[in-house]
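A.B. asks: Let me begin by handing over the structure; questions about it come next.
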Amino acid sequence: MTLIQPPSDDVLDRAAALLAAGKLIAIPTETVYGLAANAWDPDAVAKIFAAKQRPATNPLIVHIAAIDRLDQAVRMPLEPTLQRQLDCVVDLWPGPLTVVLPRSNRISDTVTAGRDTVAVRVPSHPVALRLLERCSFPIAAPSANRSNYVSPTMAKHCDGPIGQPGIHQFIEMVIDGGDCDFGVESTIVALRPEGPKLLRPGGVSAETLAERFAVSVSELTGAIAESEATSKGSETENAAMLAPGMMKEHYSPTTPLVLYDLAQRMALPARVGRIAFKPLSDADAARFSVVETLSDSGDLHEVAKGLFAALRRLDHAGLDLIVIDRCEPVGIGMAIMDRIHRAAATHSS
Ligand code: TXA
Ligand code: MG
């Protein structure tokens, strides 16, 4: 049997049985592919950490089939303040939004890294939902890549970097749900008595959330503004410090990556690849060995969708350097720039 399977009813039945038996599988979501295990089975969840070589201090996201199954992961009933915050955003489910709430006792310490909160979302990918509906338990799933490598947005990318041991030896099956629509991970927001806080920018924009909560974007990303004054880090890196593990997450290709404006001031090595957000002029393109153009029009949703796959392709193209565009950190652009800063940071620090 080949590892990658089509999302037929039969395959989904087998996938649900594998999860119930404590096995790992890779599943499509609308953001990135996830490495899935039964979130109520600490031994199964421990296998996720082993497969990814993920630090035990970095908690996982729990996926549920629908809001009415929130009690599979979250301690219910919610206190009124938290319930009101949840009510503001709940219609964004199913979708690329993760909320952090007090955890149910059924969710083990392995999932939450010992925290008393749990990160939970209802994914919108139809294959993920069909699988969740077949399961009597919630599914814990981080991105299906080795820790700190680029997240997979296609079934064939559910592995590690080429030439290195991947995660495939730990998984029974990859369900092929096609290319992920968003291409960057979900937005994470902590719902708290003192007010909601953005922990990771993602598929749902900070502007959308701020409007829902009737706060300003800077209030929602409060930690960013506070730490901006004292830190040199990027805005979104500072926000991410609140999500355990995020600070150290890199999404990094093995090939060094620099932003285009920085590359302009560097002596470039021999073989340089370029990731462009819209088509380059012929003269500009001629300076690079390979060019990946993510959108014909510079549309940032197309850029997000193609970003990780382009990083992987160029990482395997034998280049000395990858040069990448930048965009305004607005809308989905905030998630794009967060991931690019992380991918570039490994090599510049
Ligand atoms: O789009 C996504 O969210 C994908 C797909 C597969 O659903 N999943 C994903 O998982 O990106 P992962 O493991 O790569 O990111 C999980 C992040 C952690 O790095 C951590 O920062 C945050 O979620 N997190 C999890 N539990 C948390 C908690 N209790 N409090 C704060 N942050 C938490
Ligand atoms: Mg990840």
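Following the order of the structure tokens, chains are lettered A, B, ..., residues in each are numbered from 1, and ligands are numbered from 1.
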Could you give me, as a Markdown table, every chain A residue with an atom at most 6 Å from ligand 1, plus its closest atom pair and distance in Å to one decimal, counting only C-alpha atoms and all ligand atoms, rows ordered by chain then number?
C.D. replies:
```
| residue | atom | partner | partner_atom_place_in_ligand_line | distance |
| --- | --- | --- | --- | --- |
| A:Thr31 | CA | ligand 1 | 1 (O) | 4.8 |
| A:Val32 | CA | ligand 1 | 5 (C) | 5.4 |
| A:Tyr33 | CA | ligand 1 | 6 (C) | 5.3 |
| A:Gly34 | CA | ligand 1 | 6 (C) | 3.7 |
| A:Asn58 | CA | ligand 1 | 18 (C) | 5.7 |
| A:Pro59 | CA | ligand 1 | 25 (C) | 4.3 |
| A:Leu60 | CA | ligand 1 | 25 (C) | 4.5 |
| A:Ile61 | CA | ligand 1 | 25 (C) | 5.1 |
| A:Val100 | CA | ligand 1 | 30 (N) | 5.7 |
| A:Thr112 | CA | ligand 1 | 29 (N) | 5.4 |
| A:Arg115 | CA | ligand 1 | 29 (N) | 5.8 |
| A:Thr117 | CA | ligand 1 | 29 (N) | 4.3 |
| A:Val118 | CA | ligand 1 | 29 (N) | 4.0 |
| A:Ala119 | CA | ligand 1 | 26 (N) | 4.3 |
| A:Ala141 | CA | ligand 1 | 6 (C) | 5.2 |
| A:Pro142 | CA | ligand 1 | 13 (O) | 3.3 |
| A:Ser143 | CA | ligand 1 | 14 (O) | 4.5 |
| A:Glu185 | CA | ligand 1 | 1 (O) | 3.3 |
| A:Ser186 | CA | ligand 1 | 1 (O) | 3.7 |
| A:Ala243 | CA | ligand 1 | 21 (O) | 3.8 |
| A:Pro244 | CA | ligand 1 | 21 (O) | 4.5 |
| A:Gly245 | CA | ligand 1 | 19 (O) | 4.9 |
| A:Met246 | CA | ligand 1 | 21 (O) | 4.4 |
```
A.B. asks: Take the residues from that selection and put them in a file with C-alpha atoms, as a short mmCIF file (atom, residue, chain, number, x, y, z; two decimals), in the first residue's frame.
C.D. replies:
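Saved file again-v4.cif follows:
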```cif
data_model
loop_
_atom_site.label_atom_id
_atom_site.label_comp_id
_atom_site.auth_asym_id
_atom_site.auth_seq_id
_atom_site.Cartn_x
_atom_site.Cartn_y
_atom_site.Cartn_z
CA THR A 31 -4.10 25.80 6.23
CA VAL A 32 -1.33 23.16 6.11
CA TYR A 33 -1.20 19.36 6.40
CA GLY A 34 -1.37 18.12 9.99
CA ASN A 58 5.56 23.22 22.64
CA PRO A 59 1.82 22.39 22.93
CA LEU A 60 -0.36 21.10 20.09
CA ILE A 61 -3.57 22.32 18.45
CA VAL A 100 -6.93 29.15 23.46
CA THR A 112 -0.92 21.14 26.34
CA ARG A 115 -0.61 24.22 30.58
CA THR A 117 -5.27 25.95 28.58
CA VAL A 118 -5.80 24.20 25.25
CA ALA A 119 -5.62 25.49 21.67
CA ALA A 141 -2.37 17.87 14.92
CA PRO A 142 0.63 20.11 14.50
CA SER A 143 1.95 20.74 11.00
CA GLU A 185 -1.19 28.10 9.58
CA SER A 186 -4.26 29.19 11.52
CA ALA A 243 2.49 31.24 22.34
CA PRO A 244 4.80 28.71 23.94
CA GLY A 245 7.23 27.30 21.43
CA MET A 246 6.40 29.89 18.77
#
```
A.B. asks: Check which residues fall inside 8 Å of ligand 2 when counting only C-alpha atoms and all ligand atoms, and print them as a count of residues only.
C.D. replies: 10
A.B. asks: Residues at most 10 Å from Thr255 of chain A, counting only C-alpha atoms, excluding those fewer than 5 positions away in the same chain, as an mmCIF file with N, CA, C and O atoms, in the first residue's frame?
C.D. replies:
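As written to disk, part35.cif reads:
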```cif
data_model
loop_
_atom_site.group_PDB
_atom_site.id
_atom_site.type_symbol
_atom_site.label_atom_id
_atom_site.label_comp_id
_atom_site.auth_asym_id
_atom_site.auth_seq_id
_atom_site.Cartn_x
_atom_site.Cartn_y
_atom_site.Cartn_z
ATOM 1 N N GLY A 273 18.395 31.922 -5.950
ATOM 2 C CA GLY A 273 16.996 31.764 -6.355
ATOM 3 C C GLY A 273 16.190 32.937 -5.833
ATOM 4 O O GLY A 273 16.553 33.558 -4.837
ATOM 5 N N LEU A 311 9.338 27.632 -1.200
ATOM 6 C CA LEU A 311 10.523 27.537 -0.336
ATOM 7 C C LEU A 311 11.128 26.131 -0.417
ATOM 8 O O LEU A 311 12.340 25.957 -0.501
ATOM 9 N N ARG A 312 10.264 25.111 -0.385
ATOM 10 C CA ARG A 312 10.760 23.736 -0.475
ATOM 11 C C ARG A 312 11.419 23.473 -1.824
ATOM 12 O O ARG A 312 12.491 22.878 -1.880
ATOM 13 N N LEU A 314 12.818 25.549 -3.951
ATOM 14 C CA LEU A 314 14.102 26.237 -4.087
ATOM 15 C C LEU A 314 15.135 25.654 -3.121
ATOM 16 O O LEU A 314 16.327 25.626 -3.420
ATOM 17 N N ASP A 315 14.663 25.158 -1.977
ATOM 18 C CA ASP A 315 15.600 24.551 -1.022
ATOM 19 C C ASP A 315 16.234 23.285 -1.609
ATOM 20 O O ASP A 315 17.312 22.877 -1.185
ATOM 21 N N HIS A 316 15.563 22.680 -2.575
ATOM 22 C CA HIS A 316 16.068 21.441 -3.172
ATOM 23 C C HIS A 316 16.717 21.701 -4.525
ATOM 24 O O HIS A 316 16.989 20.767 -5.272
ATOM 25 N N ALA A 317 16.962 22.963 -4.849
ATOM 26 C CA ALA A 317 17.468 23.301 -6.184
ATOM 27 C C ALA A 317 18.976 23.550 -6.195
ATOM 28 O O ALA A 317 19.520 24.045 -7.179
ATOM 29 N N GLY A 318 19.664 23.210 -5.101
ATOM 30 C CA GLY A 318 21.123 23.351 -5.067
ATOM 31 C C GLY A 318 21.590 24.801 -5.121
ATOM 32 O O GLY A 318 22.605 25.119 -5.741
ATOM 33 N N LEU A 319 20.866 25.689 -4.481
ATOM 34 C CA LEU A 319 21.204 27.119 -4.510
ATOM 35 C C LEU A 319 22.098 27.497 -3.328
ATOM 36 O O LEU A 319 22.128 26.814 -2.307
ATOM 37 N N ASP A 320 22.804 28.627 -3.479
ATOM 38 C CA ASP A 320 23.600 29.167 -2.366
ATOM 39 C C ASP A 320 22.760 30.099 -1.505
ATOM 40 O O ASP A 320 23.078 30.343 -0.338
ATOM 41 N N LEU A 321 21.735 30.677 -2.097
ATOM 42 C CA LEU A 321 20.945 31.692 -1.395
ATOM 43 C C LEU A 321 19.553 31.778 -2.036
ATOM 44 O O LEU A 321 19.418 31.608 -3.251
ATOM 45 N N ILE A 322 18.553 32.057 -1.203
ATOM 46 C CA ILE A 322 17.209 32.360 -1.709
ATOM 47 C C ILE A 322 16.878 33.796 -1.302
ATOM 48 O O ILE A 322 17.063 34.183 -0.142
ATOM 49 N N ALA A 343 11.781 32.212 8.855
ATOM 50 C CA ALA A 343 12.586 31.400 7.949
ATOM 51 C C ALA A 343 13.947 32.048 7.712
ATOM 52 O O ALA A 343 14.962 31.378 7.555
ATOM 53 N N ALA A 344 13.981 33.379 7.680
ATOM 54 C CA ALA A 344 15.223 34.096 7.436
ATOM 55 C C ALA A 344 16.072 34.201 8.707
ATOM 56 O O ALA A 344 17.298 34.267 8.625
ATOM 57 N N HIS A 347 19.337 32.042 9.759
ATOM 58 C CA HIS A 347 20.627 32.231 9.112
ATOM 59 C C HIS A 347 21.255 33.585 9.434
ATOM 60 O O HIS A 347 22.445 33.750 9.298
#
```
A.B. asks: As an NGL selection string, please: all residues of segment 30-240 of chain A that backbone DSSP puts in helix (DSSP H, G or I).
C.D. replies: :A and (42-52 or 67-72 or 80-92 or 109-112 or 126-134 or 155-157 or 168-170 or 206-213 or 217-220 or 222-228 or 235-240)
A.B. asks: Just checking: using only C-alpha atoms, which residue out of A:Leu191, A:Val122, A:Val303, A:Cys158 ends up closest to Pro96 of chain A?
C.D. replies: A:Val122
A.B. asks: Measure the distance from atom CA of Gly331 of chain A to atom CA of Thr187 of chain A in Å and round it to one decimal.
C.D. replies: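 Taking atom CA of Gly331 of chain A as the start and atom CA of Thr187 of chain A as the end point, the length is 11.3 Å.
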A.B. asks: For Cys135 of chain A, list every protein, DNA or RNA residue within 9 Å, evaluated using only C-alpha atoms, and leave out those in the same chain fewer than 5 positions away; present the list as a PyMOL selection string.
C.D. replies: chain A and resi 16-17+19-20+38+65
A.B. asks: Quick one: write out the picked residues with N, CA, C and O atoms as a CSV table (one decimal), in the first residue's frame?
C.D. replies:
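Listed below is the output, part-v1.csv:
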```csv
chain,number,residue,atom,x,y,z
A,16,ALA,N,-9.7,6.6,10.4
A,16,ALA,CA,-10.3,6.8,11.8
A,16,ALA,C,-10.0,5.6,12.7
A,16,ALA,O,-9.7,5.8,13.9
A,17,ALA,N,-9.9,4.4,12.1
A,17,ALA,CA,-9.6,3.2,12.8
A,17,ALA,C,-8.1,3.3,13.3
A,17,ALA,O,-7.8,2.9,14.4
A,19,LEU,N,-6.4,6.0,13.9
A,19,LEU,CA,-6.3,7.0,15.0
A,19,LEU,C,-6.8,6.4,16.3
A,19,LEU,O,-6.2,6.5,17.3
A,20,ALA,N,-7.9,5.6,16.2
A,20,ALA,CA,-8.5,5.0,17.4
A,20,ALA,C,-7.5,4.0,18.0
A,20,ALA,O,-7.5,3.8,19.2
A,38,ASN,N,-5.0,10.8,18.1
A,38,ASN,CA,-6.1,10.9,19.0
A,38,ASN,C,-5.7,11.8,20.2
A,38,ASN,O,-4.8,11.4,21.0
A,65,ALA,N,-14.8,18.5,15.3
A,65,ALA,CA,-15.7,18.5,14.1
A,65,ALA,C,-16.6,19.6,14.1
A,65,ALA,O,-17.0,20.1,13.0
```
A.B. asks: Considering only C-alpha atoms, state which residue in the set A:Ile139, A:Leu199, A:Leu294, A:Leu70 is at the smallest distance from Gly22 of chain A.
C.D. replies: A:Ile139
A.B. asks: As an exercise, work out the distance from atom CA of Ala51 of chain A to atom CA of Val127 of chain A in Å and give it to one decimal place.
C.D. replies: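 Atom CA of Val127 of chain A lies at a distance of 22.8 Å from atom CA of Ala51 of chain A.
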A.B. asks: Taking only C-alpha atoms into account, which of A:Ile171, A:Ala283, A:Met76, A:Val215 comes nearest Arg106 of chain A?
C.D. replies: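 Of all the options, A:Met76 lies closest to Arg106 of chain A.
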A.B. asks: Per DSSP on the backbone, filter segment 103-189 of chain A down to the residues in strand (DSSP E) and report them as JSON, numbers by chain.
C.D. replies: {"A": [117, 118, 119, 120, 121, 139, 140, 174, 175, 187, 188, 189]}
A.B. asks: Could you write out the selected residues, including all heavy atoms, as a PDB file, in the first residue's frame?
C.D. replies:
```pdb
ATOM      1  N   THR A 117      -4.465  25.534  29.736  1.00  0.00           N
ATOM      2  CA  THR A 117      -5.266  25.952  28.582  1.00  0.00           C
ATOM      3  C   THR A 117      -5.014  25.009  27.415  1.00  0.00           C
ATOM      4  O   THR A 117      -4.008  24.282  27.394  1.00  0.00           O
ATOM      5  CB  THR A 117      -4.894  27.375  28.139  1.00  0.00           C
ATOM      6  OG1 THR A 117      -3.479  27.427  27.931  1.00  0.00           O
ATOM      7  CG2 THR A 117      -5.315  28.411  29.163  1.00  0.00           C
ATOM      8  N   VAL A 118      -5.940  25.037  26.442  1.00  0.00           N
ATOM      9  CA  VAL A 118      -5.800  24.199  25.248  1.00  0.00           C
ATOM     10  C   VAL A 118      -6.103  25.056  24.018  1.00  0.00           C
ATOM     11  O   VAL A 118      -6.959  25.936  24.063  1.00  0.00           O
ATOM     12  CB  VAL A 118      -6.746  22.974  25.328  1.00  0.00           C
ATOM     13  CG1 VAL A 118      -8.208  23.399  25.362  1.00  0.00           C
ATOM     14  CG2 VAL A 118      -6.502  22.004  24.177  1.00  0.00           C
ATOM     15  N   ALA A 119      -5.376  24.799  22.946  1.00  0.00           N
ATOM     16  CA  ALA A 119      -5.618  25.489  21.669  1.00  0.00           C
ATOM     17  C   ALA A 119      -6.527  24.599  20.838  1.00  0.00           C
ATOM     18  O   ALA A 119      -6.238  23.419  20.649  1.00  0.00           O
ATOM     19  CB  ALA A 119      -4.288  25.731  20.952  1.00  0.00           C
ATOM     20  N   VAL A 120      -7.652  25.146  20.345  1.00  0.00           N
ATOM     21  CA  VAL A 120      -8.652  24.309  19.665  1.00  0.00           C
ATOM     22  C   VAL A 120      -9.193  25.012  18.427  1.00  0.00           C
ATOM     23  O   VAL A 120      -9.327  26.240  18.409  1.00  0.00           O
ATOM     24  CB  VAL A 120      -9.780  23.922  20.660  1.00  0.00           C
ATOM     25  CG1 VAL A 120     -10.492  25.130  21.205  1.00  0.00           C
ATOM     26  CG2 VAL A 120     -10.781  22.964  20.037  1.00  0.00           C
ATOM     27  N   ARG A 121      -9.464  24.210  17.381  1.00  0.00           N
ATOM     28  CA  ARG A 121     -10.112  24.800  16.208  1.00  0.00           C
ATOM     29  C   ARG A 121     -10.981  23.789  15.472  1.00  0.00           C
ATOM     30  O   ARG A 121     -10.787  22.571  15.607  1.00  0.00           O
ATOM     31  CB  ARG A 121      -9.085  25.433  15.269  1.00  0.00           C
ATOM     32  CG  ARG A 121      -8.335  24.492  14.335  1.00  0.00           C
ATOM     33  CD  ARG A 121      -7.331  25.319  13.524  1.00  0.00           C
ATOM     34  NE  ARG A 121      -6.724  24.579  12.415  1.00  0.00           N
ATOM     35  CZ  ARG A 121      -7.144  24.657  11.155  1.00  0.00           C
ATOM     36  NH1 ARG A 121      -8.177  25.415  10.835  1.00  0.00           N
ATOM     37  NH2 ARG A 121      -6.536  23.969  10.196  1.00  0.00           N
ATOM     38  N   ILE A 139      -8.872  15.450  17.512  1.00  0.00           N
ATOM     39  CA  ILE A 139      -7.598  15.115  16.865  1.00  0.00           C
ATOM     40  C   ILE A 139      -6.559  16.198  17.155  1.00  0.00           C
ATOM     41  O   ILE A 139      -6.774  17.378  16.844  1.00  0.00           O
ATOM     42  CB  ILE A 139      -7.785  14.964  15.336  1.00  0.00           C
ATOM     43  CG1 ILE A 139      -8.658  13.734  15.027  1.00  0.00           C
ATOM     44  CG2 ILE A 139      -6.436  14.878  14.626  1.00  0.00           C
ATOM     45  CD1 ILE A 139      -8.936  13.524  13.540  1.00  0.00           C
ATOM     46  N   ALA A 140      -5.444  15.790  17.773  1.00  0.00           N
ATOM     47  CA  ALA A 140      -4.317  16.708  17.963  1.00  0.00           C
ATOM     48  C   ALA A 140      -3.489  16.676  16.693  1.00  0.00           C
ATOM     49  O   ALA A 140      -3.180  15.593  16.185  1.00  0.00           O
ATOM     50  CB  ALA A 140      -3.462  16.261  19.147  1.00  0.00           C
ATOM     51  N   VAL A 174      -0.899   9.014   4.521  1.00  0.00           N
ATOM     52  CA  VAL A 174      -1.123  10.441   4.261  1.00  0.00           C
ATOM     53  C   VAL A 174      -2.409  10.519   3.444  1.00  0.00           C
ATOM     54  O   VAL A 174      -2.509   9.881   2.394  1.00  0.00           O
ATOM     55  CB  VAL A 174       0.025  11.076   3.434  1.00  0.00           C
ATOM     56  CG1 VAL A 174      -0.266  12.552   3.153  1.00  0.00           C
ATOM     57  CG2 VAL A 174       1.374  10.919   4.135  1.00  0.00           C
ATOM     58  N   ILE A 175      -3.407  11.253   3.915  1.00  0.00           N
ATOM     59  CA  ILE A 175      -4.630  11.411   3.123  1.00  0.00           C
ATOM     60  C   ILE A 175      -4.456  12.637   2.220  1.00  0.00           C
ATOM     61  O   ILE A 175      -4.162  13.733   2.700  1.00  0.00           O
ATOM     62  CB  ILE A 175      -5.875  11.603   4.008  1.00  0.00           C
ATOM     63  CG1 ILE A 175      -5.980  10.464   5.036  1.00  0.00           C
ATOM     64  CG2 ILE A 175      -7.127  11.654   3.143  1.00  0.00           C
ATOM     65  CD1 ILE A 175      -7.112  10.664   6.037  1.00  0.00           C
ATOM     66  N   THR A 187      -4.637  31.334  12.518  1.00  0.00           N
ATOM     67  CA  THR A 187      -4.439  32.427  13.474  1.00  0.00           C
ATOM     68  C   THR A 187      -4.727  31.881  14.871  1.00  0.00           C
ATOM     69  O   THR A 187      -5.712  31.169  15.057  1.00  0.00           O
ATOM     70  CB  THR A 187      -5.432  33.564  13.161  1.00  0.00           C
ATOM     71  OG1 THR A 187      -5.255  33.935  11.799  1.00  0.00           O
ATOM     72  CG2 THR A 187      -5.229  34.753  14.076  1.00  0.00           C
ATOM     73  N   ILE A 188      -3.867  32.191  15.842  1.00  0.00           N
ATOM     74  CA  ILE A 188      -4.141  31.753  17.218  1.00  0.00           C
ATOM     75  C   ILE A 188      -4.471  32.970  18.081  1.00  0.00           C
ATOM     76  O   ILE A 188      -3.701  33.939  18.116  1.00  0.00           O
ATOM     77  CB  ILE A 188      -2.934  31.009  17.844  1.00  0.00           C
ATOM     78  CG1 ILE A 188      -2.487  29.839  16.957  1.00  0.00           C
ATOM     79  CG2 ILE A 188      -3.285  30.498  19.245  1.00  0.00           C
ATOM     80  CD1 ILE A 188      -1.297  29.061  17.493  1.00  0.00           C
ATOM     81  N   VAL A 189      -5.618  32.906  18.766  1.00  0.00           N
ATOM     82  CA  VAL A 189      -5.986  33.987  19.681  1.00  0.00           C
ATOM     83  C   VAL A 189      -6.317  33.384  21.043  1.00  0.00           C
ATOM     84  O   VAL A 189      -7.049  32.399  21.141  1.00  0.00           O
ATOM     85  CB  VAL A 189      -7.145  34.847  19.106  1.00  0.00           C
ATOM     86  CG1 VAL A 189      -8.435  34.063  18.980  1.00  0.00           C
ATOM     87  CG2 VAL A 189      -7.365  36.101  19.940  1.00  0.00           C
TER      88      VAL A 189
END
```
